[in-house]
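Content type mmCIF, C-alpha atoms, from the file run_4.cif:
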data_protein
#
loop_
_atom_site.group_PDB
_atom_site.id
_atom_site.type_symbol
_atom_site.label_atom_id
_atom_site.label_comp_id
_atom_site.auth_asym_id
_atom_site.auth_seq_id
_atom_site.Cartn_x
_atom_site.Cartn_y
_atom_site.Cartn_z
ATOM 1 C CA MET A 30 0.000 0.000 0.000
ATOM 2 C CA LEU A 31 2.729 2.487 0.965
ATOM 3 C CA HIS A 32 4.714 1.605 -2.160
ATOM 4 C CA SER A 33 1.671 2.298 -4.359
ATOM 5 C CA LEU A 34 1.219 5.664 -2.655
ATOM 6 C CA MET A 35 4.892 6.574 -3.159
ATOM 7 C CA VAL A 36 4.821 5.622 -6.847
ATOM 8 C CA SER A 37 1.554 7.503 -7.385
ATOM 9 C CA LEU A 38 2.775 10.666 -5.663
ATOM 10 C CA HIS A 39 6.080 10.486 -7.540
ATOM 11 C CA LEU A 40 4.313 10.184 -10.893
ATOM 12 C CA LEU A 41 1.841 12.923 -10.043
ATOM 13 C CA ALA A 42 4.642 15.330 -9.097
ATOM 14 C CA ALA A 43 6.495 14.533 -12.335
ATOM 15 C CA VAL A 44 3.352 15.066 -14.403
ATOM 16 C CA ILE A 45 2.702 18.428 -12.736
ATOM 17 C CA TRP A 46 6.250 19.688 -13.281
ATOM 18 C CA VAL A 47 7.055 18.271 -16.729
ATOM 19 C CA GLY A 48 3.501 18.662 -18.014
ATOM 20 C CA GLY A 49 3.381 22.244 -16.772
ATOM 21 C CA MET A 50 6.616 23.058 -18.589
ATOM 22 C CA PHE A 51 5.331 21.395 -21.765
ATOM 23 C CA PHE A 52 2.092 23.372 -21.599
ATOM 24 C CA ALA A 53 3.884 26.667 -20.921
ATOM 25 C CA TYR A 54 6.498 26.168 -23.616
ATOM 26 C CA MET A 55 4.413 24.604 -26.366
ATOM 27 C CA MET A 56 1.018 26.284 -25.886
ATOM 28 C CA VAL A 57 1.183 29.394 -23.719
ATOM 29 C CA ARG A 58 4.401 30.831 -25.181
ATOM 30 C CA PRO A 59 3.135 30.845 -28.795
ATOM 31 C CA ALA A 60 -0.262 32.198 -27.688
ATOM 32 C CA MET A 61 1.434 35.158 -25.983
ATOM 33 C CA ALA A 62 2.511 36.452 -29.406
ATOM 34 C CA ALA A 63 -1.044 37.717 -29.965
ATOM 35 C CA LEU A 64 -0.889 40.009 -26.902
ATOM 36 C CA GLN A 65 0.320 43.586 -26.941
ATOM 37 C CA PRO A 66 3.054 44.753 -24.536
ATOM 38 C CA PRO A 67 3.126 44.930 -21.580
ATOM 39 C CA GLU A 68 0.402 42.283 -21.270
ATOM 40 C CA PRO A 69 2.618 39.259 -22.111
ATOM 41 C CA VAL A 70 5.113 40.043 -19.341
ATOM 42 C CA ARG A 71 2.287 40.653 -16.863
ATOM 43 C CA MET A 72 0.686 37.351 -17.872
ATOM 44 C CA TRP A 73 3.988 35.464 -17.532
ATOM 45 C CA GLY A 74 4.363 36.980 -14.077
ATOM 46 C CA ARG A 75 0.966 35.625 -13.032
ATOM 47 C CA ILE A 76 1.609 32.229 -14.631
ATOM 48 C CA PHE A 77 5.064 31.802 -13.090
ATOM 49 C CA THR A 78 3.837 32.830 -9.643
ATOM 50 C CA LYS A 79 1.269 30.030 -9.636
ATOM 51 C CA PHE A 80 3.357 27.440 -11.482
ATOM 52 C CA PHE A 81 6.526 27.872 -9.425
ATOM 53 C CA SER A 82 4.550 27.291 -6.222
ATOM 54 C CA TRP A 83 3.529 23.925 -7.636
ATOM 55 C CA VAL A 84 7.073 23.182 -8.817
ATOM 56 C CA TRP A 85 8.413 23.637 -5.260
ATOM 57 C CA ILE A 86 5.836 21.114 -4.033
ATOM 58 C CA ALA A 87 6.688 18.749 -6.902
ATOM 59 C CA VAL A 88 10.426 18.994 -6.127
ATOM 60 C CA PHE A 89 9.847 18.102 -2.485
ATOM 61 C CA VAL A 90 7.539 15.200 -3.371
ATOM 62 C CA LEU A 91 9.870 13.860 -6.082
ATOM 63 C CA VAL A 92 12.916 13.850 -3.807
ATOM 64 C CA ALA A 93 11.055 12.401 -0.825
ATOM 65 C CA THR A 94 9.231 9.668 -2.732
ATOM 66 C CA GLY A 95 12.181 8.836 -4.997
ATOM 67 C CA ASN A 96 14.556 8.417 -2.072
ATOM 68 C CA HIS A 97 11.968 6.427 -0.126
ATOM 69 C CA MET A 98 11.488 4.031 -3.042
ATOM 70 C CA LEU A 99 15.256 3.649 -3.532
ATOM 71 C CA ILE A 100 15.792 2.802 0.117
ATOM 72 C CA VAL A 101 12.819 0.442 0.445
ATOM 73 C CA GLU A 102 13.251 -1.366 -2.885
ATOM 74 C CA TYR A 103 17.049 -1.459 -3.234
ATOM 75 C CA GLY A 104 18.469 -0.577 0.161
ATOM 76 C CA GLY A 105 19.946 2.579 -1.371
ATOM 77 C CA MET A 106 21.763 3.562 -4.556
ATOM 78 C CA ALA A 107 24.433 0.822 -4.409
ATOM 79 C CA ALA A 108 22.028 -1.894 -5.572
ATOM 80 C CA ALA A 109 19.845 0.312 -7.804
ATOM 81 C CA PRO A 110 19.876 -0.266 -11.565
ATOM 82 C CA VAL A 111 21.833 2.166 -13.751
ATOM 83 C CA TYR A 112 18.703 3.822 -15.138
ATOM 84 C CA LEU A 113 17.746 4.936 -11.615
ATOM 85 C CA HIS A 114 21.196 6.480 -11.136
ATOM 86 C CA ILE A 115 20.691 8.386 -14.390
ATOM 87 C CA MET A 116 17.184 9.446 -13.364
ATOM 88 C CA GLN A 117 18.409 10.721 -10.011
ATOM 89 C CA LEU A 118 21.302 12.620 -11.603
ATOM 90 C CA LEU A 119 18.979 14.208 -14.155
ATOM 91 C CA GLY A 120 16.417 14.991 -11.440
ATOM 92 C CA TYR A 121 18.988 16.819 -9.320
ATOM 93 C CA LEU A 122 20.198 18.672 -12.421
ATOM 94 C CA MET A 123 16.606 19.758 -13.076
ATOM 95 C CA ILE A 124 16.266 20.942 -9.484
ATOM 96 C CA ALA A 125 19.519 22.916 -9.729
ATOM 97 C CA LEU A 126 18.372 24.566 -12.968
ATOM 98 C CA PHE A 127 14.982 25.375 -11.454
ATOM 99 C CA MET A 128 16.598 26.889 -8.366
ATOM 100 C CA HIS A 129 18.821 29.058 -10.565
ATOM 101 C CA LEU A 130 15.781 30.107 -12.600
ATOM 102 C CA TYR A 131 13.800 30.875 -9.446
ATOM 103 C CA PHE A 132 16.474 32.772 -7.516
ATOM 104 C CA ALA A 133 18.059 34.665 -10.428
ATOM 105 C CA PRO A 134 15.989 35.606 -13.527
ATOM 106 C CA TRP A 135 12.621 35.039 -11.845
ATOM 107 C CA ARG A 136 13.573 37.182 -8.829
ATOM 108 C CA ARG A 137 14.801 39.948 -11.164
ATOM 109 C CA MET A 138 11.554 39.695 -13.107
ATOM 110 C CA GLN A 139 9.483 39.888 -9.900
ATOM 111 C CA VAL A 140 11.316 43.033 -8.772
ATOM 112 C CA ALA A 141 10.856 44.646 -12.184
ATOM 113 C CA LEU A 142 7.151 43.724 -12.231
ATOM 114 C CA ALA A 143 6.680 45.162 -8.739
ATOM 115 C CA ASP A 144 8.298 48.395 -9.991
ATOM 116 C CA GLU A 145 6.071 48.217 -13.105
ATOM 117 C CA ASP A 146 9.241 48.316 -15.191
ATOM 118 C CA PHE A 147 7.878 46.023 -17.889
ATOM 119 C CA PRO A 148 10.807 46.326 -20.345
ATOM 120 C CA ARG A 149 13.248 45.287 -17.595
ATOM 121 C CA ALA A 150 10.939 42.409 -16.593
ATOM 122 C CA ALA A 151 10.653 41.290 -20.226
ATOM 123 C CA LYS A 152 14.456 41.045 -20.474
ATOM 124 C CA GLN A 153 14.327 38.050 -18.103
ATOM 125 C CA ILE A 154 11.946 36.035 -20.259
ATOM 126 C CA PRO A 155 14.522 34.741 -22.799
ATOM 127 C CA GLN A 156 16.729 33.315 -20.021
ATOM 128 C CA ILE A 157 13.708 31.776 -18.289
ATOM 129 C CA ARG A 158 12.574 30.324 -21.623
ATOM 130 C CA ARG A 159 16.000 28.723 -22.238
ATOM 131 C CA ILE A 160 16.101 27.162 -18.780
ATOM 132 C CA VAL A 161 12.544 25.855 -19.150
ATOM 133 C CA ALA A 162 13.416 24.377 -22.581
ATOM 134 C CA ILE A 163 16.458 22.606 -21.113
ATOM 135 C CA ASN A 164 14.518 21.377 -18.079
ATOM 136 C CA LEU A 165 11.642 20.225 -20.267
ATOM 137 C CA SER A 166 14.053 18.201 -22.408
ATOM 138 C CA ILE A 167 15.677 16.640 -19.345
ATOM 139 C CA GLY A 168 12.237 16.007 -17.835
ATOM 140 C CA ILE A 169 11.063 14.173 -20.952
ATOM 141 C CA VAL A 170 14.163 11.968 -20.832
ATOM 142 C CA ASN A 171 13.449 11.269 -17.166
ATOM 143 C CA VAL A 172 9.837 10.343 -17.937
ATOM 144 C CA ILE A 173 11.045 7.945 -20.646
ATOM 145 C CA LEU A 174 13.550 6.396 -18.224
ATOM 146 C CA GLY A 175 10.924 6.133 -15.499
ATOM 147 C CA ALA A 176 8.438 4.452 -17.813
ATOM 148 C CA GLY A 177 10.801 2.192 -19.707
ATOM 149 C CA GLY A 178 14.210 2.231 -18.047
ATOM 150 C CA ARG A 179 13.947 -1.299 -16.720
ATOM 151 C CA TYR A 180 13.317 -2.492 -20.296
ATOM 152 C CA PHE A 181 16.287 -0.633 -21.836
ATOM 153 C CA SER A 182 18.891 -2.907 -20.205
ATOM 154 C CA LEU A 183 20.429 0.064 -18.408
#
Starting from the coordinates I provided, produce the structure as structure tokens.
Amino acid sequence: MLHSLMVSLHLLAAVIWVGGMFFAYMMVRPAMAALQPPEPVRMWGRIFTKFFSWVWIAVFVLVATGNHMLIVEYGGMAAAPVYLHIMQLLGYLMIALFMHLYFAPWRRMQVALADEDFPRAAKQIPQIRRIVAINLSIGIVNVILGAGGRYFSL
């Protein structure tokens, strides 16, 4: 029962984070082109505020459930299959990239939005977009490993 809960929470957190990035990058970003400045930067500010709150929760849940499953199923990393080592490495890389995004360009964007300096806020969007694109790519690889890693002979 506990194992099923851990797997379910882990998958749910991954879906929220990776799915949210996919939605933002592939649907919201192109749709923003129809808006006139400064509305896109205001909208991104509202979107990121909500989404990043969920990402922090997802990060906590992913680390807690992933480590729990590693310890219970394998006794730790030493006996875990290679694909789980890769998943954990990629997961921590994603967390590091998110933390950089959150504490650097996002913080600068928040300050600029609070000052209603929309051009300065908009200057942060390209860096945020690049980090999200990288994290989305890594997240997709992690989803593939999570779903099929045991079948890839890794």
Atom pair CA of Gly178 in chain A / CA of Ala93 in chain A: separation (Å):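 If I compute the distance from CA of Gly178 in chain A to CA of Ala93 in chain A, I get 20.2 Å.
The two atoms in question, CA of Phe52 in chain A and CA of Val92 in chain A, are spaced 22.9 Å apart.
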Separation of CA of Met35 in chain A from CA of Thr94 in chain A, in Å and rounded to one decimal: 5.3 Å
Expected selection from the PyMOL selection byres ((chain A and resi 75-81) around 12), given as an MDAnalysis selection string: chainID A and resid 45:50 52:54 57:58 61 68:74 82:88 124 127:128 130:132 134:136 138:139 142:143 154 157:158 161
Explicit residue set for the PyMOL selection byres ((chain A and resi 175) around 12), as a PyMOL selection string: chain A and resi 36+39-40+43-44+95+110-117+119-120+168-174+176-181+183
For Leu91 in chain A, the nearest of the candidates A:Leu122, A:Gln153, A:Leu38, A:Ala108, counting all atoms listed in the file: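 Result for the nearest residue to Leu91 in chain A: A:Leu38.
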Nearest to Leu99 in chain A, chosen from A:His32, A:Arg159, A:Pro59, A:Pro66, with all atoms listed in the file counted in the distances: A:His32
